[in-house]
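Chemist: This is the content of entry.cif (mmCIF, C-alpha atoms, pLDDT in the B column; chains and numbers go by the auth columns):
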```cif
data_upload
#
loop_
_atom_site.group_PDB
_atom_site.id
_atom_site.type_symbol
_atom_site.label_atom_id
_atom_site.label_comp_id
_atom_site.label_asym_id
_atom_site.label_seq_id
_atom_site.Cartn_x
_atom_site.Cartn_y
_atom_site.Cartn_z
_atom_site.B_iso_or_equiv
_atom_site.auth_seq_id
_atom_site.auth_asym_id
ATOM 1 C CA MET A 1 0.601 -10.458 -12.906 82.00 1 J
ATOM 2 C CA ARG A 2 0.443 -12.590 -9.793 93.00 2 J
ATOM 3 C CA LEU A 3 1.348 -12.071 -6.199 96.00 3 J
ATOM 4 C CA ARG A 4 3.893 -14.472 -4.773 97.00 4 J
ATOM 5 C CA LEU A 5 3.521 -14.891 -1.039 97.00 5 J
ATOM 6 C CA LYS A 6 5.509 -17.026 1.364 97.00 6 J
ATOM 7 C CA LEU A 7 3.465 -19.341 3.525 97.00 7 J
ATOM 8 C CA SER A 8 4.947 -17.743 6.658 96.00 8 J
ATOM 9 C CA ASP A 9 3.735 -14.324 5.504 97.00 9 J
ATOM 10 C CA TYR A 10 0.280 -15.696 4.752 97.00 10 J
ATOM 11 C CA LEU A 11 0.151 -17.184 8.248 97.00 11 J
ATOM 12 C CA ARG A 12 1.230 -13.833 9.712 97.00 12 J
ATOM 13 C CA ILE A 13 -1.649 -12.103 7.933 98.00 13 J
ATOM 14 C CA LEU A 14 -4.042 -14.799 9.128 98.00 14 J
ATOM 15 C CA GLU A 15 -2.814 -14.591 12.714 98.00 15 J
ATOM 16 C CA HIS A 16 -3.125 -10.797 12.695 98.00 16 J
ATOM 17 C CA ALA A 17 -6.645 -10.985 11.278 98.00 17 J
ATOM 18 C CA ARG A 18 -7.767 -13.555 13.829 98.00 18 J
ATOM 19 C CA ALA A 19 -6.191 -11.606 16.687 98.00 19 J
ATOM 20 C CA GLY A 20 -8.086 -8.514 15.574 97.00 20 J
ATOM 21 C CA LEU A 21 -11.525 -10.112 15.638 97.00 21 J
ATOM 22 C CA PRO A 22 -14.270 -9.014 15.786 97.00 22 J
ATOM 23 C CA ASN A 23 -12.753 -5.987 14.059 97.00 23 J
ATOM 24 C CA GLU A 24 -11.157 -5.714 10.669 97.00 24 J
ATOM 25 C CA ALA A 25 -7.386 -6.010 10.709 97.00 25 J
ATOM 26 C CA CYS A 26 -5.015 -4.422 8.226 97.00 26 J
ATOM 27 C CA GLY A 27 -1.436 -3.955 7.173 98.00 27 J
ATOM 28 C CA LEU A 28 0.966 -3.398 4.325 98.00 28 J
ATOM 29 C CA ILE A 29 2.830 -5.741 2.021 98.00 29 J
ATOM 30 C CA ALA A 30 6.249 -4.924 0.630 97.00 30 J
ATOM 31 C CA GLY A 31 8.587 -6.687 -1.735 97.00 31 J
ATOM 32 C CA ARG A 32 10.040 -6.660 -5.187 96.00 32 J
ATOM 33 C CA LEU A 33 8.590 -6.185 -8.661 94.00 33 J
ATOM 34 C CA GLU A 34 9.765 -9.138 -10.707 93.00 34 J
ATOM 35 C CA GLU A 35 9.215 -9.891 -14.350 90.00 35 J
ATOM 36 C CA ASP A 36 6.400 -12.344 -13.794 90.00 36 J
ATOM 37 C CA ALA A 37 5.225 -11.594 -10.282 94.00 37 J
ATOM 38 C CA ARG A 38 5.040 -9.232 -7.371 95.00 38 J
ATOM 39 C CA GLN A 39 7.168 -10.962 -4.766 97.00 39 J
ATOM 40 C CA VAL A 40 6.134 -10.228 -1.192 97.00 40 J
ATOM 41 C CA GLU A 41 9.173 -10.080 1.084 97.00 41 J
ATOM 42 C CA LYS A 42 7.719 -8.556 4.197 97.00 42 J
ATOM 43 C CA VAL A 43 4.319 -8.084 5.829 98.00 43 J
ATOM 44 C CA TYR A 44 3.699 -5.138 8.137 98.00 44 J
ATOM 45 C CA THR A 45 0.841 -5.693 10.553 97.00 45 J
ATOM 46 C CA LEU A 46 -0.680 -2.381 11.576 97.00 46 J
ATOM 47 C CA ASN A 47 -3.242 -1.146 14.028 95.00 47 J
ATOM 48 C CA ASN A 48 -6.700 -0.436 12.618 95.00 48 J
ATOM 49 C CA PRO A 49 -7.543 2.961 14.086 94.00 49 J
ATOM 50 C CA ASP A 50 -11.206 2.454 13.160 93.00 50 J
ATOM 51 C CA ALA A 51 -11.388 -0.500 15.601 94.00 51 J
ATOM 52 C CA CYS A 52 -14.503 -1.642 13.808 94.00 52 J
ATOM 53 C CA PRO A 53 -15.809 -4.898 12.242 94.00 53 J
ATOM 54 C CA GLU A 54 -16.800 -3.037 9.092 93.00 54 J
ATOM 55 C CA HIS A 55 -14.031 -0.548 8.359 94.00 55 J
ATOM 56 C CA PHE A 56 -10.287 -0.147 8.298 95.00 56 J
ATOM 57 C CA SER A 57 -7.957 2.684 7.508 95.00 57 J
ATOM 58 C CA ILE A 58 -4.228 3.137 7.061 94.00 58 J
ATOM 59 C CA PRO A 59 -3.513 6.850 6.869 90.00 59 J
ATOM 60 C CA PRO A 60 -0.234 7.958 5.281 91.00 60 J
ATOM 61 C CA GLN A 61 1.118 8.914 8.701 89.00 61 J
ATOM 62 C CA ALA A 62 0.820 5.275 9.764 89.00 62 J
ATOM 63 C CA GLN A 63 2.563 4.087 6.601 94.00 63 J
ATOM 64 C CA LEU A 64 5.670 6.201 6.905 94.00 64 J
ATOM 65 C CA GLU A 65 7.487 4.130 9.516 92.00 65 J
ATOM 66 C CA ALA A 66 6.939 0.983 7.456 95.00 66 J
ATOM 67 C CA ILE A 67 8.082 2.826 4.321 95.00 67 J
ATOM 68 C CA ARG A 68 11.328 3.800 6.052 93.00 68 J
ATOM 69 C CA ASP A 69 11.933 0.142 6.904 95.00 69 J
ATOM 70 C CA MET A 70 11.155 -0.907 3.322 95.00 70 J
ATOM 71 C CA ARG A 71 13.678 1.559 1.940 94.00 71 J
ATOM 72 C CA SER A 72 16.354 0.279 4.309 94.00 72 J
ATOM 73 C CA LEU A 73 15.707 -3.228 2.979 96.00 73 J
ATOM 74 C CA GLY A 74 15.503 -2.195 -0.667 94.00 74 J
ATOM 75 C CA LEU A 75 11.819 -3.078 -0.877 95.00 75 J
ATOM 76 C CA VAL A 76 8.883 -1.300 -2.466 93.00 76 J
ATOM 77 C CA LEU A 77 5.355 -0.935 -1.178 95.00 77 J
ATOM 78 C CA LEU A 78 3.247 -3.451 -3.067 96.00 78 J
ATOM 79 C CA GLY A 79 -0.074 -2.717 -1.416 96.00 79 J
ATOM 80 C CA SER A 80 -2.197 -3.480 1.589 97.00 80 J
ATOM 81 C CA PHE A 81 -4.200 -6.245 3.155 97.00 81 J
ATOM 82 C CA HIS A 82 -7.278 -6.201 5.314 97.00 82 J
ATOM 83 C CA SER A 83 -9.687 -8.707 6.708 97.00 83 J
ATOM 84 C CA HIS A 84 -13.391 -9.142 6.180 96.00 84 J
ATOM 85 C CA PRO A 85 -14.565 -10.808 9.393 96.00 85 J
ATOM 86 C CA ASN A 86 -18.080 -11.513 8.166 95.00 86 J
ATOM 87 C CA THR A 87 -18.131 -11.083 4.405 95.00 87 J
ATOM 88 C CA PRO A 88 -16.494 -12.710 1.374 96.00 88 J
ATOM 89 C CA ALA A 89 -13.029 -11.923 0.038 97.00 89 J
ATOM 90 C CA ARG A 90 -14.128 -9.429 -2.582 96.00 90 J
ATOM 91 C CA PRO A 91 -13.787 -5.647 -2.725 96.00 91 J
ATOM 92 C CA SER A 92 -16.746 -3.876 -1.171 94.00 92 J
ATOM 93 C CA ASP A 93 -18.085 -0.601 -2.544 93.00 93 J
ATOM 94 C CA GLU A 94 -16.108 1.155 0.165 93.00 94 J
ATOM 95 C CA ASP A 95 -12.942 -0.730 -0.791 94.00 95 J
ATOM 96 C CA ILE A 96 -13.392 0.497 -4.370 95.00 96 J
ATOM 97 C CA ASN A 97 -14.268 4.046 -3.385 92.00 97 J
ATOM 98 C CA LEU A 98 -11.113 4.350 -1.298 92.00 98 J
ATOM 99 C CA ALA A 99 -8.710 2.644 -3.722 93.00 99 J
ATOM 100 C CA TYR A 100 -6.761 5.784 -4.565 91.00 100 J
ATOM 101 C CA ASP A 101 -3.680 3.987 -5.871 90.00 101 J
ATOM 102 C CA PRO A 102 -4.478 1.763 -8.877 89.00 102 J
ATOM 103 C CA ALA A 103 -0.952 0.332 -8.766 90.00 103 J
ATOM 104 C CA ALA A 104 -1.450 -1.120 -5.298 93.00 104 J
ATOM 105 C CA SER A 105 -2.409 -4.715 -4.618 96.00 105 J
ATOM 106 C CA CYS A 106 -5.444 -4.962 -2.372 96.00 106 J
ATOM 107 C CA CYS A 107 -5.457 -8.264 -0.504 97.00 107 J
ATOM 108 C CA ILE A 108 -8.604 -9.291 1.336 97.00 108 J
ATOM 109 C CA LEU A 109 -8.739 -12.131 3.816 98.00 109 J
ATOM 110 C CA SER A 110 -12.229 -13.396 4.553 97.00 110 J
ATOM 111 C CA LEU A 111 -12.872 -15.090 7.863 97.00 111 J
ATOM 112 C CA ALA A 112 -16.577 -15.483 7.157 96.00 112 J
ATOM 113 C CA GLY A 113 -16.521 -19.177 6.308 95.00 113 J
ATOM 114 C CA ALA A 114 -15.225 -22.296 7.943 96.00 114 J
ATOM 115 C CA GLU A 115 -11.867 -21.771 6.245 97.00 115 J
ATOM 116 C CA PRO A 116 -10.093 -18.460 5.627 98.00 116 J
ATOM 117 C CA VAL A 117 -9.999 -17.234 2.037 98.00 117 J
ATOM 118 C CA LEU A 118 -7.335 -14.811 0.803 98.00 118 J
ATOM 119 C CA LYS A 119 -7.731 -13.031 -2.517 98.00 119 J
ATOM 120 C CA CYS A 120 -5.894 -10.150 -4.089 98.00 120 J
ATOM 121 C CA PHE A 121 -7.118 -7.447 -6.433 97.00 121 J
ATOM 122 C CA ARG A 122 -6.011 -4.405 -8.382 96.00 122 J
ATOM 123 C CA ILE A 123 -8.694 -1.734 -8.332 96.00 123 J
ATOM 124 C CA GLU A 124 -9.160 1.234 -10.634 93.00 124 J
ATOM 125 C CA ARG A 125 -11.312 3.563 -8.641 91.00 125 J
ATOM 126 C CA ALA A 126 -12.141 5.890 -11.553 89.00 126 J
ATOM 127 C CA THR A 127 -13.589 3.143 -13.744 94.00 127 J
ATOM 128 C CA ARG A 128 -14.516 0.793 -10.870 94.00 128 J
ATOM 129 C CA LEU A 129 -12.608 -1.914 -12.708 96.00 129 J
ATOM 130 C CA VAL A 130 -11.580 -4.740 -10.394 96.00 130 J
ATOM 131 C CA ARG A 131 -9.047 -7.317 -11.552 96.00 131 J
ATOM 132 C CA GLU A 132 -8.157 -10.310 -9.452 97.00 132 J
ATOM 133 C CA GLU A 133 -4.464 -11.086 -9.077 96.00 133 J
ATOM 134 C CA SER A 134 -3.681 -14.723 -8.562 96.00 134 J
ATOM 135 C CA ILE A 135 -1.785 -15.593 -5.412 97.00 135 J
ATOM 136 C CA GLU A 136 1.038 -18.118 -5.482 96.00 136 J
ATOM 137 C CA LEU A 137 1.833 -19.446 -2.045 96.00 137 J
ATOM 138 C CA THR A 138 5.450 -20.515 -1.741 95.00 138 J
ATOM 139 C CA PRO A 139 7.355 -22.331 0.988 93.00 139 J
ATOM 140 C CA SER A 140 8.659 -20.189 3.801 81.00 140 J
ATOM 141 C CA SER A 141 12.305 -19.176 3.808 70.00 141 J
ATOM 142 C CA PRO A 142 14.559 -21.432 5.897 60.00 142 J
ATOM 143 C CA MET B 1 20.362 17.376 -8.903 96.00 143 O
ATOM 144 C CA ILE B 2 19.767 13.924 -7.447 97.00 144 O
ATOM 145 C CA LEU B 3 16.496 13.194 -5.655 98.00 145 O
ATOM 146 C CA ILE B 4 15.593 9.936 -3.966 96.00 146 O
ATOM 147 C CA VAL B 5 12.013 9.267 -5.025 96.00 147 O
ATOM 148 C CA ALA B 6 10.301 6.215 -3.585 91.00 148 O
ATOM 149 C CA GLY B 7 13.725 4.954 -2.601 90.00 149 O
ATOM 150 C CA ASN B 8 15.272 5.379 -6.038 90.00 150 O
ATOM 151 C CA PRO B 9 18.039 7.945 -6.636 95.00 151 O
ATOM 152 C CA LYS B 10 17.467 9.720 -9.922 95.00 152 O
ATOM 153 C CA GLU B 11 18.701 12.825 -11.750 97.00 153 O
ATOM 154 C CA TYR B 12 16.247 15.703 -12.043 97.00 154 O
ATOM 155 C CA PRO B 13 16.439 19.233 -13.372 95.00 155 O
ATOM 156 C CA ASP B 14 17.308 21.982 -10.925 93.00 156 O
ATOM 157 C CA ASP B 15 14.652 24.492 -9.852 92.00 157 O
ATOM 158 C CA LEU B 16 12.057 21.804 -9.274 96.00 158 O
ATOM 159 C CA ASN B 17 9.073 22.053 -6.954 96.00 159 O
ATOM 160 C CA LEU B 18 6.791 19.283 -5.719 97.00 160 O
ATOM 161 C CA THR B 19 4.039 20.059 -8.208 96.00 161 O
ATOM 162 C CA ARG B 20 6.441 19.634 -11.107 97.00 162 O
ATOM 163 C CA LEU B 21 7.941 16.473 -9.612 97.00 163 O
ATOM 164 C CA ILE B 22 4.457 14.963 -9.340 96.00 164 O
ATOM 165 C CA GLU B 23 3.982 15.714 -13.035 96.00 165 O
ATOM 166 C CA LEU B 24 7.381 14.331 -14.023 96.00 166 O
ATOM 167 C CA GLU B 25 6.801 11.162 -12.050 95.00 167 O
ATOM 168 C CA LYS B 26 3.311 10.744 -13.535 93.00 168 O
ATOM 169 C CA VAL B 27 1.950 10.128 -10.054 92.00 169 O
ATOM 170 C CA GLU B 28 -1.352 8.254 -10.115 85.00 170 O
ATOM 171 C CA THR B 29 -4.447 10.190 -8.980 86.00 171 O
ATOM 172 C CA PRO B 30 -2.334 13.182 -7.921 89.00 172 O
ATOM 173 C CA ILE B 31 -5.182 14.982 -6.188 88.00 173 O
ATOM 174 C CA TYR B 32 -5.253 12.202 -3.595 89.00 174 O
ATOM 175 C CA VAL B 33 -1.536 11.861 -3.036 93.00 175 O
ATOM 176 C CA THR B 34 0.179 12.731 0.212 95.00 176 O
ATOM 177 C CA VAL B 35 3.821 13.705 -0.004 96.00 177 O
ATOM 178 C CA ALA B 36 6.485 13.037 2.597 97.00 178 O
ATOM 179 C CA LEU B 37 9.631 15.084 2.089 97.00 179 O
ATOM 180 C CA ASN B 38 12.571 13.943 4.203 96.00 180 O
ATOM 181 C CA ASP B 39 10.139 12.187 6.564 92.00 181 O
ATOM 182 C CA SER B 40 7.904 15.236 7.022 95.00 182 O
ATOM 183 C CA PHE B 41 4.510 15.615 5.418 96.00 183 O
ATOM 184 C CA VAL B 42 3.891 18.550 3.102 96.00 184 O
ATOM 185 C CA GLU B 43 0.402 20.051 2.974 91.00 185 O
ATOM 186 C CA SER B 44 -1.089 19.678 -0.513 87.00 186 O
ATOM 187 C CA GLY B 45 -1.527 23.434 -0.689 91.00 187 O
ATOM 188 C CA GLY B 46 2.231 23.781 -0.297 94.00 188 O
ATOM 189 C CA PHE B 47 3.382 21.624 -3.218 96.00 189 O
ATOM 190 C CA GLU B 48 3.874 24.577 -5.548 95.00 190 O
ATOM 191 C CA SER B 49 5.921 26.543 -3.047 96.00 191 O
ATOM 192 C CA THR B 50 8.069 23.615 -1.911 97.00 192 O
ATOM 193 C CA ALA B 51 11.368 23.751 -3.738 97.00 193 O
ATOM 194 C CA LEU B 52 13.425 20.593 -3.872 98.00 194 O
ATOM 195 C CA LYS B 53 17.130 20.384 -3.332 97.00 195 O
ATOM 196 C CA ASP B 54 19.825 17.862 -4.076 97.00 196 O
ATOM 197 C CA GLY B 55 19.568 14.785 -1.879 97.00 197 O
ATOM 198 C CA ASP B 56 15.930 15.248 -0.871 97.00 198 O
ATOM 199 C CA ARG B 57 13.959 12.079 -0.181 96.00 199 O
ATOM 200 C CA VAL B 58 10.386 12.060 -1.466 97.00 200 O
ATOM 201 C CA GLU B 59 7.647 9.504 -0.877 95.00 201 O
ATOM 202 C CA PHE B 60 4.203 9.499 -2.486 95.00 202 O
ATOM 203 C CA LEU B 61 1.603 7.950 -0.204 94.00 203 O
ATOM 204 C CA TYR B 62 -2.123 7.384 -0.388 92.00 204 O
ATOM 205 C CA PHE B 63 -4.750 7.002 2.270 92.00 205 O
ATOM 206 C CA MET B 64 -5.761 3.350 2.347 93.00 206 O
ATOM 207 C CA GLY B 65 -9.086 2.253 3.674 93.00 207 O
ATOM 208 C CA GLY B 66 -12.245 0.341 3.081 92.00 208 O
ATOM 209 C CA GLY B 67 -14.347 -2.199 4.742 81.00 209 O
ATOM 210 C CA ARG B 68 -17.095 -4.783 4.852 77.00 210 O
#
```
Spell out the structure here as structure tokens.
Modeler:
Amino acid sequence: MRLRLKLSDYLRILEHARAGLPNEACGLIAGRLEEDARQVEKVYTLNNPDACPEHFSIPPQAQLEAIRDMRSLGLVLLGSFHSHPNTPARPSDEDINLAYDPAASCCILSLAGAEPVLKCFRIERATRLVREESIELTPSSP
Amino acid sequence: MILIVAGNPKEYPDDLNLTRLIELEKVETPIYVTVALNDSFVESGGFESTALKDGDRVEFLYFMGGGR
């Protein structure tokens, strides 16, 4: 399964991550489950209450407002994204330990190198199995 | 009765509580799930005693976090 992401949504994630530096930035992705892909239709940029370069959190209370909006648009929660300001785009031990929903896509945007790198994963916390989901960037909607 | 679970209206048996709904829905890692019922959070200790009624809206949410 791959994640299909509009260029405008990718740029929104990137802008949010850069604006949040030096701290980690985070948010939710919502969309539709299609036969061959998870289609992202909307990105929700959220505050990182940890305000820290090494941690992020999105408690359920912070998700509920976005969930209400998703339901009004007929979208489902596909997962989350967060930035790694100083480390590669791969799940850290903490990312794995806190991946309570194995159905969720976990997108990580690394700002550690000269160019940003976005990768997406599905994580099974119990077995510590990490599978990378390919990302298909598509043109933005008109 | 009809419940709206994760945005989807669906028929369920009457006399259902949250614990049983979590089982019916095969919720992933149920010990970590947070439940919002009609936009209010239900304490995990209250799942068994929370009866559902026709038209209720239920969301299953998980803490998300990580870092580095």
Chemist: Which residues fall under the PyMOL selection byres ((chain J) within 8 of (chain O)) in this file, as a list in words?
Modeler: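 Residues picked by the PyMOL selection byres ((chain J) within 8 of (chain O)): Glu24, Pro53, Glu54, His55, Phe56, Ser57, Ile58, Pro59, Pro60, Gln63, Leu64, Arg71, Gly74, Val76, Ser80, His84, Pro85, Asn86, Thr87, Ser92, Glu94, Asp95, Ile96, Asn97, Leu98, Ala99, Tyr100, Asp101 and Pro102 of chain J.
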Chemist: Quote the spacing between CA of Glu190 in chain O and CA of Val147 in chain O in Å to one decimal place.
Modeler: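 CA of Val147 in chain O lies at a distance of 17.3 Å from CA of Glu190 in chain O.
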Chemist: To test your reading of the syntax: which residues would the PyMOL selection byres ((chain J and resi 120-129) around 7) return for the file shown? Reply as a list in words.
Modeler: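 Checked against the file, the PyMOL selection byres ((chain J and resi 120-129) around 7) matches Ile96, Asn97, Ala99, Tyr100, Pro102, Ala103, Ala104, Ser105, Cys106, Cys107, Ile108, Leu118, Lys119, Val130, Arg131, Glu132, Glu133, Ser134 and Ile135 of chain J.
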Chemist: Expanded to explicit residues, what is the PyMOL selection byres ((chain J and resi 30) around 6) for this file, as a PDB file with C-alpha atoms, keeping the file's coordinate frame?
Modeler:
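And here is the file that came out, result_1.pdb:
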```pdb
ATOM      1  CA  ILE J  29       2.830  -5.741   2.021  1.00 98.00           C
ATOM      2  CA  GLY J  31       8.587  -6.687  -1.735  1.00 97.00           C
ATOM      3  CA  VAL J  40       6.134 -10.228  -1.192  1.00 97.00           C
ATOM      4  CA  GLU J  41       9.173 -10.080   1.084  1.00 97.00           C
ATOM      5  CA  LYS J  42       7.719  -8.556   4.197  1.00 97.00           C
ATOM      6  CA  VAL J  76       8.883  -1.300  -2.466  1.00 93.00           C
ATOM      7  CA  LEU J  77       5.355  -0.935  -1.178  1.00 95.00           C
ATOM      8  CA  LEU J  78       3.247  -3.451  -3.067  1.00 96.00           C
TER       9      LEU J  78
END
```
Chemist: Mind pulling up the distance from CA of Thr192 in chain O to CA of Pro151 in chain O?
Modeler: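 Separation between CA of Pro151 in chain O and CA of Thr192 in chain O: 19.2 Å.
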Chemist: Would you work out the distance separating CA of Ser141 in chain J from CA of Asp9 in chain J, expressed in Å to one decimal?
Modeler: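 Interatomic distance here is 10.0 Å.
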Chemist: Which centre and which edge lengths, in Å to one decimal, describe the axis-aligned box that holds all listed atoms of range 154-168 of chain O after 5 Å is added on each side, as JSON?
Modeler:
```
{"center_x": 10.3, "center_y": 17.6, "center_z": -9.9, "size_x": 24.0, "size_y": 23.7, "size_z": 18.3}
```
Chemist: Could you check which of O:Glu153, O:Met143, O:Lys168, O:Leu160 is closest to Ser186 in chain O, using all atoms listed in the file?
Modeler: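 Closest candidate: O:Leu160.
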